[in-house]
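J.: Data: query37.csv, CSV, C-alpha atoms and all ligand atoms.
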chain,number,residue,atom,x,y,z
A,1,MET,CA,69.1,60.1,105.4
A,2,LYS,CA,67.1,56.9,105.2
A,3,ARG,CA,63.4,57.2,104.9
A,4,LEU,CA,60.8,55.9,107.5
A,5,ILE,CA,57.1,55.5,107.1
A,6,SER,CA,54.4,54.2,109.4
A,7,GLY,CA,50.7,54.5,109.9
A,8,VAL,CA,47.9,53.9,112.4
A,9,GLN,CA,44.2,53.2,111.8
A,10,PRO,CA,41.8,55.9,113.0
A,11,THR,CA,40.2,54.3,116.0
A,12,GLY,CA,39.9,57.7,117.6
A,13,GLY,CA,41.9,57.4,120.8
A,14,ILE,CA,45.2,55.5,120.8
A,15,HIS,CA,45.8,52.8,123.4
A,16,ILE,CA,49.0,51.9,125.2
A,17,GLY,CA,49.5,49.0,122.8
A,18,ASN,CA,49.8,51.4,119.8
A,19,TYR,CA,51.8,53.7,121.9
A,20,LEU,CA,54.4,51.2,123.2
A,21,GLY,CA,54.4,49.1,120.1
A,22,ALA,CA,54.7,51.9,117.6
A,23,ILE,CA,54.2,55.6,118.3
A,24,LYS,CA,56.6,56.0,121.2
A,25,ASN,CA,59.3,54.6,119.0
A,26,TRP,CA,58.2,56.9,116.1
A,27,VAL,CA,59.0,59.9,118.3
A,28,LYS,CA,62.5,58.7,118.9
A,29,LEU,CA,63.1,57.6,115.3
A,30,GLN,CA,61.9,60.8,113.7
A,31,GLU,CA,65.3,62.3,114.8
A,32,LYS,CA,67.3,59.7,112.9
A,33,TYR,CA,65.2,59.2,109.8
A,34,GLU,CA,63.3,61.3,107.3
A,35,SER,CA,59.9,60.3,108.6
A,36,PHE,CA,56.4,60.2,107.2
A,37,PHE,CA,53.4,59.3,109.3
A,38,PHE,CA,49.8,58.8,108.2
A,39,ILE,CA,46.3,57.9,109.3
A,40,ALA,CA,45.2,54.7,107.5
A,41,ASP,CA,41.6,55.8,106.9
A,42,TYR,CA,41.2,53.6,103.7
A,43,HIS,CA,42.3,50.6,105.7
A,44,ALA,CA,39.8,51.4,108.4
A,45,LEU,CA,36.9,51.1,105.9
A,46,THR,CA,37.5,47.4,105.7
A,47,VAL,CA,35.4,47.2,108.9
A,48,LYS,CA,32.0,48.9,109.2
A,49,GLN,CA,32.4,52.5,110.6
A,50,ASP,CA,29.9,54.6,112.3
A,51,LEU,CA,29.5,57.5,109.8
A,52,GLU,CA,28.6,60.0,112.6
A,53,THR,CA,31.9,59.5,114.4
A,54,PHE,CA,34.4,58.3,111.8
A,55,PRO,CA,35.5,61.8,110.6
A,56,GLU,CA,36.1,62.8,114.3
A,57,LYS,CA,38.1,59.7,114.9
A,58,ILE,CA,40.4,60.6,112.0
A,59,LEU,CA,41.1,64.0,113.5
A,60,ASN,CA,41.4,62.6,117.0
A,61,THR,CA,43.9,60.1,115.9
A,62,ALA,CA,46.0,62.9,114.4
A,63,ILE,CA,45.7,64.8,117.7
A,64,ASN,CA,46.8,61.7,119.7
A,65,ILE,CA,49.9,61.3,117.4
A,66,ILE,CA,50.9,64.9,117.8
A,67,ALA,CA,50.3,64.8,121.6
A,68,CYS,CA,52.7,61.8,121.8
A,69,GLY,CA,55.5,64.0,120.4
A,70,ILE,CA,55.4,63.7,116.6
A,71,ASN,CA,56.6,67.0,115.3
A,72,PRO,CA,54.6,67.7,112.1
A,73,ASP,CA,57.0,70.5,111.0
A,74,LYS,CA,59.7,68.0,110.8
A,75,SER,CA,57.8,64.8,109.9
A,76,PRO,CA,54.8,65.2,107.6
A,77,LEU,CA,51.6,63.8,109.1
A,78,PHE,CA,48.8,63.1,106.6
A,79,VAL,CA,45.7,61.2,105.8
A,80,GLN,CA,46.1,58.1,103.6
A,81,SER,CA,43.1,58.9,101.4
A,82,HIS,CA,44.5,62.3,100.6
A,83,ILE,CA,47.3,60.7,98.5
A,84,LEU,CA,45.5,58.8,95.7
A,85,GLU,CA,48.7,57.2,94.6
A,86,HIS,CA,48.6,54.7,97.5
A,87,VAL,CA,45.4,53.1,96.0
A,88,ASN,CA,46.7,53.3,92.5
A,89,LEU,CA,49.9,51.4,93.4
A,90,GLY,CA,47.8,49.0,95.5
A,91,TRP,CA,45.9,48.0,92.4
A,92,ILE,CA,49.1,47.3,90.5
A,93,PHE,CA,50.2,45.1,93.4
A,94,ASN,CA,46.9,43.3,93.4
A,95,THR,CA,47.8,42.1,89.9
A,96,ILE,CA,51.1,40.5,90.9
A,97,THR,CA,50.2,39.1,94.4
A,98,PRO,CA,49.2,35.5,94.4
A,99,ILE,CA,45.9,34.8,96.2
A,100,GLY,CA,47.7,32.1,98.2
A,101,GLU,CA,49.9,34.8,99.9
A,102,LEU,CA,46.9,36.8,101.0
A,103,ASN,CA,45.1,33.7,102.3
A,104,ARG,CA,48.0,33.0,104.7
A,105,MET,CA,47.6,36.4,106.5
A,106,THR,CA,46.8,35.9,110.1
A,107,GLN,CA,45.1,39.3,110.4
A,108,TYR,CA,42.8,38.4,107.5
A,109,LYS,CA,41.9,35.1,109.2
A,110,ASP,CA,41.3,36.7,112.6
A,111,LYS,CA,39.2,39.6,111.2
A,112,SER,CA,37.1,37.3,109.0
A,113,LYS,CA,36.2,35.4,112.2
A,114,GLN,CA,35.6,38.6,114.2
A,115,TYR,CA,33.6,40.3,111.4
A,116,SER,CA,32.0,37.2,109.9
A,117,GLU,CA,29.0,39.3,108.7
A,118,ASN,CA,31.3,41.5,106.6
A,119,ILE,CA,34.2,39.6,105.0
A,120,ASN,CA,34.8,42.0,102.2
A,121,VAL,CA,37.4,42.0,99.4
A,122,GLY,CA,39.1,45.0,101.0
A,123,LEU,CA,39.8,43.0,104.1
A,124,PHE,CA,41.5,40.4,101.9
A,125,THR,CA,43.6,42.8,99.8
A,126,TYR,CA,44.4,45.0,102.9
A,127,PRO,CA,48.1,43.9,102.7
A,128,THR,CA,48.6,44.9,99.1
A,129,LEU,CA,47.4,48.5,100.0
A,130,MET,CA,49.7,48.4,103.0
A,131,ALA,CA,52.6,47.4,100.7
A,132,ALA,CA,51.7,50.3,98.5
A,133,ASP,CA,51.6,52.7,101.5
A,134,ILE,CA,55.3,51.8,102.1
A,135,LEU,CA,56.7,51.3,98.6
A,136,ILE,CA,55.1,54.4,97.1
A,137,TYR,CA,57.7,56.4,99.1
A,138,ASN,CA,60.6,53.9,98.7
A,139,ALA,CA,60.8,53.7,102.5
A,140,ASP,CA,63.7,52.0,104.1
A,141,VAL,CA,62.3,51.3,107.5
A,142,VAL,CA,58.8,50.7,109.0
A,143,PRO,CA,58.4,50.8,112.8
A,144,VAL,CA,55.4,48.6,113.7
A,145,GLY,CA,54.2,46.3,116.4
A,146,GLU,CA,54.6,42.5,116.1
A,147,ASP,CA,51.1,42.0,114.7
A,148,GLN,CA,52.2,43.8,111.5
A,149,PHE,CA,55.4,41.9,110.9
A,150,GLN,CA,53.7,39.4,108.6
A,151,HIS,CA,52.4,42.3,106.5
A,152,LEU,CA,55.9,43.7,106.3
A,153,GLU,CA,57.2,40.4,105.2
A,154,LEU,CA,54.6,40.3,102.4
A,155,THR,CA,55.6,43.8,101.4
A,156,ARG,CA,59.1,42.6,100.9
A,157,THR,CA,57.8,39.6,98.9
A,158,ILE,CA,55.7,42.0,96.7
A,159,ALA,CA,58.7,44.3,96.2
A,160,ARG,CA,60.8,41.2,95.0
A,161,LYS,CA,57.9,40.0,92.8
A,162,PHE,CA,57.6,43.4,91.1
A,163,ASN,CA,61.3,43.5,90.6
A,164,SER,CA,61.4,40.1,89.0
A,165,VAL,CA,58.3,40.6,86.8
A,166,TYR,CA,59.0,44.2,85.7
A,167,LYS,CA,62.3,45.8,86.6
A,168,SER,CA,65.2,44.3,88.5
A,169,GLY,CA,66.3,46.3,91.5
A,170,PHE,CA,63.4,48.9,91.3
A,171,PHE,CA,62.0,48.5,94.8
A,172,LYS,CA,64.1,48.1,97.8
A,173,GLU,CA,62.9,45.8,100.5
A,174,PRO,CA,61.9,47.8,103.6
A,175,GLU,CA,62.8,46.5,107.1
A,176,ALA,CA,60.4,46.4,110.0
A,177,ILE,CA,61.7,48.1,113.2
A,178,ALA,CA,60.3,46.6,116.5
A,179,ALA,CA,59.9,48.5,119.7
A,180,ALA,CA,60.5,47.1,123.2
A,181,GLY,CA,56.7,46.9,123.6
A,182,ALA,CA,56.1,45.2,120.3
A,183,ARG,CA,53.4,42.9,121.7
A,184,ILE,CA,51.2,44.3,124.5
A,185,MET,CA,48.5,42.0,125.7
A,186,SER,CA,44.9,42.7,126.7
A,187,LEU,CA,44.4,43.4,130.4
A,188,THR,CA,41.3,41.2,130.6
A,189,ASP,CA,42.6,38.4,128.4
A,190,PRO,CA,46.4,38.2,128.3
A,191,SER,CA,46.3,35.5,125.6
A,192,LYS,CA,45.0,38.2,123.1
A,193,LYS,CA,46.8,41.4,122.0
A,194,MET,CA,45.6,44.6,123.4
A,195,SER,CA,43.1,46.2,121.0
A,196,LYS,CA,40.0,48.4,121.1
A,197,SER,CA,37.8,45.6,119.8
A,198,GLY,CA,38.5,43.5,122.9
A,199,GLY,CA,36.4,45.7,125.2
A,200,VAL,CA,37.0,48.8,127.1
A,201,ASN,CA,38.6,47.2,130.2
A,202,GLY,CA,41.2,45.3,128.0
A,203,TYR,CA,43.1,48.5,127.1
A,204,ILE,CA,44.2,51.8,128.5
A,205,ALA,CA,43.6,54.7,126.3
A,206,LEU,CA,46.0,57.7,126.3
A,207,THR,CA,43.0,59.8,127.4
A,208,ASP,CA,42.1,57.6,130.4
A,209,SER,CA,42.2,59.5,133.7
A,210,GLU,CA,44.2,58.5,136.7
A,211,GLU,CA,41.0,56.9,138.2
A,212,VAL,CA,40.1,55.0,135.1
A,213,ILE,CA,43.7,53.7,134.8
A,214,TRP,CA,43.5,52.5,138.4
A,215,GLN,CA,40.1,50.8,137.8
A,216,LYS,CA,41.4,49.0,134.8
A,217,VAL,CA,44.8,47.9,136.2
A,218,SER,CA,43.2,46.8,139.5
A,219,LYS,CA,40.8,44.5,137.6
A,220,ALA,CA,43.5,43.2,135.3
A,221,VAL,CA,44.3,39.5,135.0
A,222,THR,CA,47.5,38.5,136.8
A,223,ASP,CA,49.5,35.2,137.1
A,224,PRO,CA,46.5,32.7,137.5
A,225,ASN,CA,48.5,30.4,139.8
A,226,ARG,CA,48.8,33.2,142.4
A,227,GLN,CA,45.5,33.2,144.2
A,228,ARG,CA,46.5,34.6,147.6
A,229,LYS,CA,49.1,37.1,148.8
A,230,THR,CA,50.9,34.2,150.6
A,231,ASP,CA,51.3,32.2,147.3
A,232,LYS,CA,54.6,32.7,145.6
A,233,GLY,CA,54.1,34.1,142.1
A,234,ASN,CA,55.9,33.9,138.8
A,235,PRO,CA,56.4,37.4,137.3
A,236,GLN,CA,57.3,35.9,133.9
A,237,LYS,CA,53.7,34.5,133.7
A,238,CYS,CA,52.1,37.8,134.7
A,239,ASN,CA,51.0,40.2,132.0
A,240,LEU,CA,51.4,43.1,134.4
A,241,PHE,CA,55.0,42.4,135.0
A,242,SER,CA,55.7,42.9,131.3
A,243,LEU,CA,54.0,46.3,131.6
A,244,HIS,CA,56.2,47.1,134.6
A,245,GLN,CA,59.2,46.4,132.4
A,246,LEU,CA,58.0,49.2,130.1
A,247,PHE,CA,56.7,51.7,132.6
A,248,SER,CA,58.6,51.3,135.9
A,249,SER,CA,62.1,52.1,137.1
A,250,LEU,CA,64.8,49.4,137.4
A,251,GLU,CA,64.5,49.5,141.3
A,252,GLU,CA,60.7,49.1,141.1
A,253,ILE,CA,61.0,46.2,138.6
A,254,GLU,CA,63.4,44.5,140.9
A,255,TYR,CA,61.2,45.1,144.0
A,256,VAL,CA,58.1,43.8,142.3
A,257,ASP,CA,60.0,40.8,140.8
A,258,LYS,CA,61.5,39.7,144.1
A,259,GLY,CA,58.4,40.6,146.1
A,260,CYS,CA,56.2,38.5,143.8
A,261,ARG,CA,58.5,35.5,143.8
A,262,ASN,CA,58.8,35.3,147.5
A,263,ALA,CA,55.3,36.4,148.3
A,264,GLY,CA,56.7,39.6,149.9
A,265,ILE,CA,54.2,41.9,148.2
A,266,GLY,CA,50.6,41.3,147.0
A,267,CYS,CA,49.2,41.9,143.6
A,268,LEU,CA,47.4,45.0,144.8
A,269,GLU,CA,50.7,46.8,145.7
A,270,CYS,CA,52.2,45.7,142.4
A,271,LYS,CA,49.2,47.0,140.5
A,272,LYS,CA,49.3,50.3,142.4
A,273,ILE,CA,52.9,51.0,141.5
A,274,LEU,CA,52.2,50.1,137.9
A,275,ALA,CA,49.0,52.2,137.7
A,276,ASP,CA,50.9,55.2,139.1
A,277,ASN,CA,53.7,54.8,136.6
A,278,ILE,CA,51.4,54.5,133.7
A,279,ASN,CA,49.6,57.6,134.8
A,280,GLU,CA,52.8,59.5,135.3
A,281,GLU,CA,53.9,58.7,131.7
A,282,ILE,CA,50.7,59.4,130.0
A,283,ALA,CA,49.5,62.4,132.0
A,284,PRO,CA,51.5,65.0,129.9
A,285,ILE,CA,50.1,63.3,126.7
A,286,ARG,CA,46.6,63.4,128.1
A,287,GLU,CA,47.0,67.2,128.8
A,288,LYS,CA,48.3,67.8,125.2
A,289,ILE,CA,45.3,65.9,123.8
A,290,SER,CA,42.9,68.1,125.6
A,291,TYR,CA,44.7,71.2,124.5
A,292,TRP,CA,44.5,70.1,120.8
A,293,GLN,CA,40.8,69.2,121.2
A,294,LYS,CA,39.8,72.8,121.9
A,295,PRO,CA,37.9,74.0,118.8
A,296,GLU,CA,40.4,76.8,118.1
A,297,ASN,CA,43.3,74.3,118.1
A,298,LYS,CA,41.5,71.6,116.2
A,299,LYS,CA,41.4,73.9,113.2
A,300,LYS,CA,45.2,73.8,113.2
A,301,ILE,CA,45.2,70.0,113.0
A,302,ILE,CA,43.3,70.2,109.7
A,303,GLU,CA,46.0,72.6,108.4
A,304,ILE,CA,48.8,70.3,109.6
A,305,LEU,CA,47.2,67.3,107.8
A,306,LYS,CA,46.8,69.3,104.6
A,307,GLN,CA,50.4,70.5,104.7
A,308,GLY,CA,51.6,67.0,105.4
A,309,ALA,CA,49.8,65.7,102.4
A,310,ASP,CA,51.1,68.5,100.2
A,311,ARG,CA,54.7,67.7,101.3
A,312,VAL,CA,54.6,64.0,100.5
A,313,ARG,CA,52.3,64.0,97.4
A,314,PRO,CA,55.0,65.0,94.9
A,315,ILE,CA,57.2,62.1,96.0
A,316,ALA,CA,54.3,59.6,95.5
A,317,GLN,CA,53.3,61.2,92.2
A,318,GLU,CA,56.8,61.0,90.8
A,319,ASN,CA,57.2,57.4,91.9
A,320,LEU,CA,53.8,56.3,90.5
A,321,LYS,CA,54.7,58.0,87.2
A,322,LYS,CA,57.8,55.8,86.9
A,323,ILE,CA,55.9,52.7,88.0
A,324,LYS,CA,53.2,53.2,85.4
A,325,GLN,CA,55.8,53.5,82.7
A,326,ILE,CA,57.5,50.4,83.9
A,327,VAL,CA,54.3,48.4,83.7
A,328,GLY,CA,53.5,49.6,80.2
A,329,LEU,CA,50.7,52.1,80.9
A,330,ILE,CA,50.6,55.2,78.7
A,331,GLU,CA,50.5,58.8,79.8
A,332,MET,CA,48.7,61.4,77.6
A,401,LIG,P1,47.0,49.6,113.9
A,401,LIG,O1,46.2,50.8,113.6
A,401,LIG,O2,46.3,48.3,114.2
A,401,LIG,O3,48.1,49.8,115.0
A,401,LIG,C1,49.0,50.9,114.9
A,401,LIG,C2,50.4,50.4,115.4
A,401,LIG,O4,50.3,49.9,116.7
A,401,LIG,C3,50.8,48.6,116.8
A,401,LIG,N1,50.0,47.9,117.8
A,401,LIG,C4,50.5,47.2,118.8
A,401,LIG,N2,51.8,47.1,119.2
A,401,LIG,C5,52.0,46.3,120.3
A,401,LIG,N3,51.0,45.7,121.0
A,401,LIG,C6,49.7,45.8,120.6
A,401,LIG,N4,48.7,45.3,121.3
A,401,LIG,C7,49.4,46.6,119.5
A,401,LIG,N5,48.3,46.9,118.8
A,401,LIG,C8,48.6,47.7,117.8
A,401,LIG,C9,50.6,48.1,115.4
A,401,LIG,O5,51.5,47.0,115.1
A,401,LIG,C10,50.9,49.3,114.5
A,401,LIG,O6,52.3,49.4,114.4
A,401,LIG,N6,48.0,47.9,109.2
A,401,LIG,C11,48.4,48.9,110.2
A,401,LIG,C12,48.3,50.4,109.7
A,401,LIG,C13,49.0,50.5,108.5
A,401,LIG,C14,50.4,50.6,108.3
A,401,LIG,C15,50.7,50.8,106.9
A,401,LIG,C16,51.5,50.6,109.2
A,401,LIG,C17,48.5,50.7,107.2
A,401,LIG,N7,49.5,50.8,106.3
A,401,LIG,C18,52.0,51.0,106.4
A,401,LIG,C19,52.8,50.8,108.7
A,401,LIG,C20,53.0,50.9,107.3
A,401,LIG,C21,47.4,48.8,111.4
A,401,LIG,O7,46.3,48.4,111.3
A,401,LIG,O8,47.9,49.3,112.6
Step by step, read the file and then write its structure as structure tokens.
T.:
Amino acid sequence: MKRLISGVQPTGGIHIGNYLGAIKNWVKLQEKYESFFFIADYHALTVKQDLETFPEKILNTAINIIACGINPDKSPLFVQSHILEHVNLGWIFNTITPIGELNRMTQYKDKSKQYSENINVGLFTYPTLMAADILIYNADVVPVGEDQFQHLELTRTIARKFNSVYKSGFFKEPEAIAAAGARIMSLTDPSKKMSKSGGVNGYIALTDSEEVIWQKVSKAVTDPNRQRKTDKGNPQKCNLFSLHQLFSSLEEIEYVDKGCRNAGIGCLECKKILADNINEEIAPIREKISYWQKPENKKKIIEILKQGADRVRPIAQENLKKIKQIVGLIEM
């Protein structure tokens, strides 16, 4: 069985961008691959965290992942900082990664602008740690959204570099797997990807209630050229139509597509159908999240994360041991 790995940063609640771009796909793929999933807490430290809420966010992220349908008995779920080998290998990768490669990274450029008061070294070397997250387990495939493709490409470059500097054929080059919703855009600014940092109305969290989903969808930006119901719209230019394609039935998609093109239906009706379908899909997840958030169940999450780490640690340890030998470090 080929091996799969993927991770998510602990922002607390997961939004439908993470869900459609990654986690929904993980749930399917865990049947086909030996799968490991983790919470990238070390990566999250590259931006300033509120120390009061950060530990809770880590647990809540685990809860969200399990509520989406990841089965931790089958696929270990763990916290990145619990496997020290990630960082050890990340350091080795720092020593073979040219600065120029890291300078090119779009996420680094974006985050340096967004967090201009805190452009730290960790933000810059983020992709070498991400390469280590993947290569420490010799993963074959990595299901991620489009915003992570560049990091995956760099992971492949680092694997090749290691092989050419140290040992030919040692690392395989992992492949990115994209989901149908690999790039979900913000509801308030469809030129930007959906993310939590873009403001609360820009994303739908898996915990949002039916009312909140409707509030957000009803305010969402649509095709800017369609001002009135009598104007003919272009669904291809509407962010909400791309969400219909991921949440609605084929009949509904056709109905909305035609209705919008010939001004048969208004944006409000289109939004209502969409909001109902989003709610229908995430309602069961929302219920599972509130189940796991009960104190007696939350304790089990800690146990699940511990067990997940215990299951993957020997693989990381054995691999790091080999790598240390290859790069000439001595064991005592
Ligand atoms: P993160 O936490 O930003 O996002 C988690 C996953 O969700 C995807 N995603 C999206 N997909 C579609 N549309 C969007 N608007 C959207 N926003 C987020 C992301 O592509 C990702 O798949 N660097 C990673 C975490 C990470 C990782 C790894 C992933 C660290 N090490 C190793 C895979 C393998 C990140 O920040 O994802």
J.: Which residue is closest to A:Trp292? Choose from A:Ala180, A:Ile63, A:Ala159, A:Ile99 and count all atoms listed in the file.
T.: A:Ile63
J.: Can you tell me how far atom CA of A:Asp133 sits from atom N4 of ligand LIG 401 (chain A), in Å to one decimal?
T.: 21.3 Å
J.: Throw together the list of residues within 8 Å of ligand LIG 401 (chain A), counting only C-alpha atoms and all ligand atoms, and drop it here as an NGL selection string.
T.: :A and (5-11 or 15-23 or 39-40 or 43-44 or 126-127 or 129-134 or 142-149 or 151-152 or 181-186 or 193-195)
J.: Can you work out which one of A:Lys111, A:Lys74, A:Lys258, A:Lys2 has the shortest atom-to-atom distance to A:Asp140, counting only C-alpha atoms?
T.: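 The shortest atom-to-atom distance to A:Asp140 comes from A:Lys2.
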J.: What is the distance, in Å and to one decimal place, between atom CA of A:Thr97 and atom CA of A:Val141?
T.: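 Atom CA of A:Val141 lies at a distance of 21.6 Å from atom CA of A:Thr97.
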J.: I want to know what sits within 10 Å of A:Phe162, based on all atoms listed in the file, with residues of the same chain fewer than 4 positions away left out; could you give that as a list in words?
T.: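 The contact residues come out as Ile92, Phe93, Thr95, Ile96, Thr97, Arg156, Thr157, Ile158, Tyr166, Lys167, Ser168, Gly169, Phe170, Phe171, Ile323 and Val327 of chain A.
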J.: Report, in Å with one decimal, the straight-line distance from atom CA of A:Lys219 to atom CA of A:Lys237.
T.: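 That distance, rounded to one decimal, is 16.8 Å.
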J.: With distances taken over only C-alpha atoms, which residue among A:Leu329, A:Ile302, A:Arg311, A:Leu89 lies nearest A:Pro55?
T.: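 Closest residue, counting only C-alpha atoms: A:Ile302.
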J.: With a distance cut-off of 12 Å and only C-alpha atoms, select the neighbouring residues of A:Ala205, excluding the residue or stretch itself and same-chain residues fewer than 3 positions from it, and output the selection as number ranges by chain.
T.: A: 11-20, 61, 64, 194-196, 199-202, 208-210, 212-213, 216, 278-279, 282-283, 285-286, 289
J.: Of the candidates A:Asn94, A:Leu305, A:Arg261, A:Ile119, which one gets nearest to A:Thr155 if we count only C-alpha atoms?
T.: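 Selected residue with least distance to A:Thr155: A:Asn94.
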J.: Tell me which protein, DNA and RNA residues are within 12 Å of A:Asp310, counting all atoms listed in the file, leaving out same-chain ones fewer than 6 positions away, and put them as an MDAnalysis selection string.
T.: chainID A and resid 76:79 82:83 303:304 316:317
J.: Choose the residue, out of A:Glu287, A:Glu31, A:Glu173, A:Asp257, that has the smallest atom-to-atom separation from A:Ser75; count all atoms listed in the file.
T.: A:Glu31
J.: I need the residue nearest A:Pro174 from this list: A:Thr106, A:Leu320, A:Arg3, A:Tyr203. Use all atoms listed in the file for the distance.
T.: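 Of all the options, A:Arg3 lies closest to A:Pro174.
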J.: Pick out the residues sitting within 10 Å of A:Gln245, and hand them over as a PyMOL selection string; count all atoms listed in the file, and ignore anything fewer than 3 positions along from it in its own chain.
T.: chain A and resi 180-181+240-242+248-250+252-254+274
J.: If I only have part of stretch 55-62 of chain A, can you fill in all heavy atoms and write it as a PDB file, in the frame of the given file?
T.:
ATOM      1  N   PRO A  55      34.637  60.675 110.914  1.00  0.00           N
ATOM      2  CA  PRO A  55      35.500  61.800 110.600  1.00  0.00           C
ATOM      3  C   PRO A  55      36.185  62.387 111.872  1.00  0.00           C
ATOM      4  O   PRO A  55      37.359  62.756 111.821  1.00  0.00           O
ATOM      5  CB  PRO A  55      34.475  62.874 110.076  1.00  0.00           C
ATOM      6  CG  PRO A  55      33.317  62.060 109.595  1.00  0.00           C
ATOM      7  CD  PRO A  55      33.233  60.875 110.500  1.00  0.00           C
ATOM      8  N   GLU A  56      35.466  62.374 113.007  1.00  0.00           N
ATOM      9  CA  GLU A  56      36.100  62.800 114.300  1.00  0.00           C
ATOM     10  C   GLU A  56      37.217  61.944 114.692  1.00  0.00           C
ATOM     11  O   GLU A  56      38.221  62.402 115.235  1.00  0.00           O
ATOM     12  CB  GLU A  56      35.005  62.807 115.380  1.00  0.00           C
ATOM     13  CG  GLU A  56      34.227  64.080 115.545  1.00  0.00           C
ATOM     14  CD  GLU A  56      35.107  65.302 115.724  1.00  0.00           C
ATOM     15  OE1 GLU A  56      35.826  65.371 116.733  1.00  0.00           O
ATOM     16  OE2 GLU A  56      35.068  66.194 114.845  1.00  0.00           O
ATOM     17  N   LYS A  57      37.035  60.647 114.460  1.00  0.00           N
ATOM     18  CA  LYS A  57      38.100  59.700 114.900  1.00  0.00           C
ATOM     19  C   LYS A  57      39.369  59.951 114.084  1.00  0.00           C
ATOM     20  O   LYS A  57      40.462  59.799 114.620  1.00  0.00           O
ATOM     21  CB  LYS A  57      37.606  58.261 114.607  1.00  0.00           C
ATOM     22  CG  LYS A  57      36.616  57.763 115.641  1.00  0.00           C
ATOM     23  CD  LYS A  57      36.297  56.318 115.387  1.00  0.00           C
ATOM     24  CE  LYS A  57      35.391  55.775 116.484  1.00  0.00           C
ATOM     25  NZ  LYS A  57      34.909  54.441 116.178  1.00  0.00           N
ATOM     26  N   ILE A  58      39.207  60.342 112.826  1.00  0.00           N
ATOM     27  CA  ILE A  58      40.400  60.600 112.000  1.00  0.00           C
ATOM     28  C   ILE A  58      41.165  61.797 112.611  1.00  0.00           C
ATOM     29  O   ILE A  58      42.377  61.728 112.819  1.00  0.00           O
ATOM     30  CB  ILE A  58      39.995  60.869 110.528  1.00  0.00           C
ATOM     31  CG1 ILE A  58      39.368  59.585 109.949  1.00  0.00           C
ATOM     32  CG2 ILE A  58      41.194  61.326 109.695  1.00  0.00           C
ATOM     33  CD1 ILE A  58      38.699  59.754 108.593  1.00  0.00           C
ATOM     34  N   LEU A  59      40.425  62.858 112.943  1.00  0.00           N
ATOM     35  CA  LEU A  59      41.100  64.000 113.500  1.00  0.00           C
ATOM     36  C   LEU A  59      41.657  63.728 114.914  1.00  0.00           C
ATOM     37  O   LEU A  59      42.760  64.162 115.254  1.00  0.00           O
ATOM     38  CB  LEU A  59      40.101  65.205 113.639  1.00  0.00           C
ATOM     39  CG  LEU A  59      39.687  65.841 112.315  1.00  0.00           C
ATOM     40  CD1 LEU A  59      38.748  67.012 112.561  1.00  0.00           C
ATOM     41  CD2 LEU A  59      40.915  66.324 111.537  1.00  0.00           C
ATOM     42  N   ASN A  60      40.913  62.950 115.688  1.00  0.00           N
ATOM     43  CA  ASN A  60      41.400  62.600 117.000  1.00  0.00           C
ATOM     44  C   ASN A  60      42.648  61.756 117.001  1.00  0.00           C
ATOM     45  O   ASN A  60      43.505  61.869 117.874  1.00  0.00           O
ATOM     46  CB  ASN A  60      40.309  61.905 117.829  1.00  0.00           C
ATOM     47  CG  ASN A  60      39.501  62.908 118.625  1.00  0.00           C
ATOM     48  OD1 ASN A  60      40.027  63.945 119.046  1.00  0.00           O
ATOM     49  ND2 ASN A  60      38.235  62.621 118.804  1.00  0.00           N
ATOM     50  N   THR A  61      42.727  60.912 115.997  1.00  0.00           N
ATOM     51  CA  THR A  61      43.900  60.100 115.900  1.00  0.00           C
ATOM     52  C   THR A  61      45.144  60.996 115.587  1.00  0.00           C
ATOM     53  O   THR A  61      46.213  60.824 116.177  1.00  0.00           O
ATOM     54  CB  THR A  61      43.748  59.015 114.772  1.00  0.00           C
ATOM     55  OG1 THR A  61      42.589  58.252 115.113  1.00  0.00           O
ATOM     56  CG2 THR A  61      44.948  58.091 114.672  1.00  0.00           C
ATOM     57  N   ALA A  62      44.927  61.973 114.715  1.00  0.00           N
ATOM     58  CA  ALA A  62      46.000  62.900 114.400  1.00  0.00           C
ATOM     59  C   ALA A  62      46.404  63.666 115.708  1.00  0.00           C
ATOM     60  O   ALA A  62      47.603  63.832 116.012  1.00  0.00           O
ATOM     61  CB  ALA A  62      45.572  63.917 113.356  1.00  0.00           C
TER      62      ALA A  62
END
